[in-house]
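A.B. asks: Provided herewith is a single structure, encoded as structure tokens, for subsequent inquiry.
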Amino acid sequence: MACLRGRRAKSLLTSMRLMLEQDDEVFGARVKWLSQQAQGLNKGRLALTNGLELLPKLRKARLEGMSLTAVLNDAAEHGIGHKESMIQKLWSGNYVEFEEALERLPLETMP
């Protein structure tokens, strides 16, 4: 296990680390690859696919310097159908179900 910002992470790859990728092409390729790989999962597929659906929007907001409060308000205004807690967990990089699903993938072949 790795320790990230005082929290224990089972994997070095978290939603936070994905969002912090500076290269748009690398980020896009990774999200696409992860989405394809997620289809083969039985356990954790929904958490992973829902998280990957939100990551580009959350990454954009983070790179634009938006706060979590602004992101949550924006999601509420646009009727984004995801739970507030899921957005918070993805934003912080501490979404256990998402990370557990990532662990089940062959990450060594990820772009």
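Every chain in the structure tokens has a letter given in the order shown (A, B, ...), and although residue numbers restart at 1 in each chain, ligands are simply numbered from 1 in the order shown.
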Using only C-alpha atoms, find each residue of stretch 34-53 of chain A with at least one atom at most 6 Å away from an atom of stretch 93-101 of chain A; report its shortest atom-to-atom pair and that distance in Å (one decimal), sort the rows by chain and rising residue number, and return the result as CSV.
C.D. replies:
```
residue,atom,partner,partner_atom,distance
A:Gly44,CA,A:Ala101,CA,4.9
A:Ala47,CA,A:Phe98,CA,5.4
A:Leu48,CA,A:Phe98,CA,5.0
```
A.B. asks: Would you mind listing what lies within 12 Å of A:Arg104 as a list in words, with only C-alpha atoms counted and same-chain residues fewer than 6 positions away left out?
C.D. replies: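 Within the cut-off, the hits are Lys10, Ser11, Leu13, Leu34, Gln37, Ala38, Gln39, Gly40, Leu41, Asn42, Lys43, Gly44, Arg45, Leu48, Glu97 and Phe98 of chain A.
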A.B. asks: Pick out the closest residue to A:Arg17 from this set: A:Ala61, A:Leu90, A:Leu72, A:Leu105. Count only C-alpha atoms.
C.D. replies: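 For A:Arg17, the nearest of the candidates is A:Leu90.
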A.B. asks: Let's see if you can do this: from backbone DSSP, list all alpha helix (DSSP H) residues in chain A, as a PyMOL selection string.
C.D. replies: chain A and resi 15-19+24-38+45-63+68-77+84-92+96-103
A.B. asks: Looking at A:Thr109, A:Lys60, A:Ser92, A:Ser67, which one is nearest to A:Phe27, with distances taken over only C-alpha atoms?
C.D. replies: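 Closest residue, counting only C-alpha atoms: A:Lys60.
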A.B. asks: Could you check which of A:Val31, A:Met66, A:Ala76, A:Leu55 is closest to A:Ser15, using only C-alpha atoms?
C.D. replies: A:Leu55
A.B. asks: Extract the full set of strand (DSSP E or B) residues from chain A according to DSSP on the backbone, and format it as JSON, numbers by chain.
C.D. replies: {"A": [2, 3, 4, 7, 8, 9]}
A.B. asks: What is the atom CA of A:Ser35 to atom CA of A:Asn50 distance in Å?
C.D. replies: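 About the pair atom CA of A:Ser35 and atom CA of A:Asn50: they are 9.6 Å apart.
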A.B. asks: Any idea what's packed within 9 Å of A:Leu58, counting only C-alpha atoms, ignoring anything in its chain fewer than 6 positions away? Could you give it as a PyMOL selection string?
C.D. replies: chain A and resi 19+71+87+90-91
A.B. asks: Using C-alpha atoms, can you write the selected residues to a file as a CSV table (one decimal), in the first residue's frame?
C.D. replies:
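out35.csv written:
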```
chain,number,residue,atom,x,y,z
A,19,MET,CA,-6.9,14.2,-13.0
A,71,VAL,CA,-18.0,21.9,-8.8
A,87,ILE,CA,-18.0,13.5,-6.8
A,90,LEU,CA,-13.3,11.3,-7.0
A,91,TRP,CA,-12.2,14.9,-6.4
```
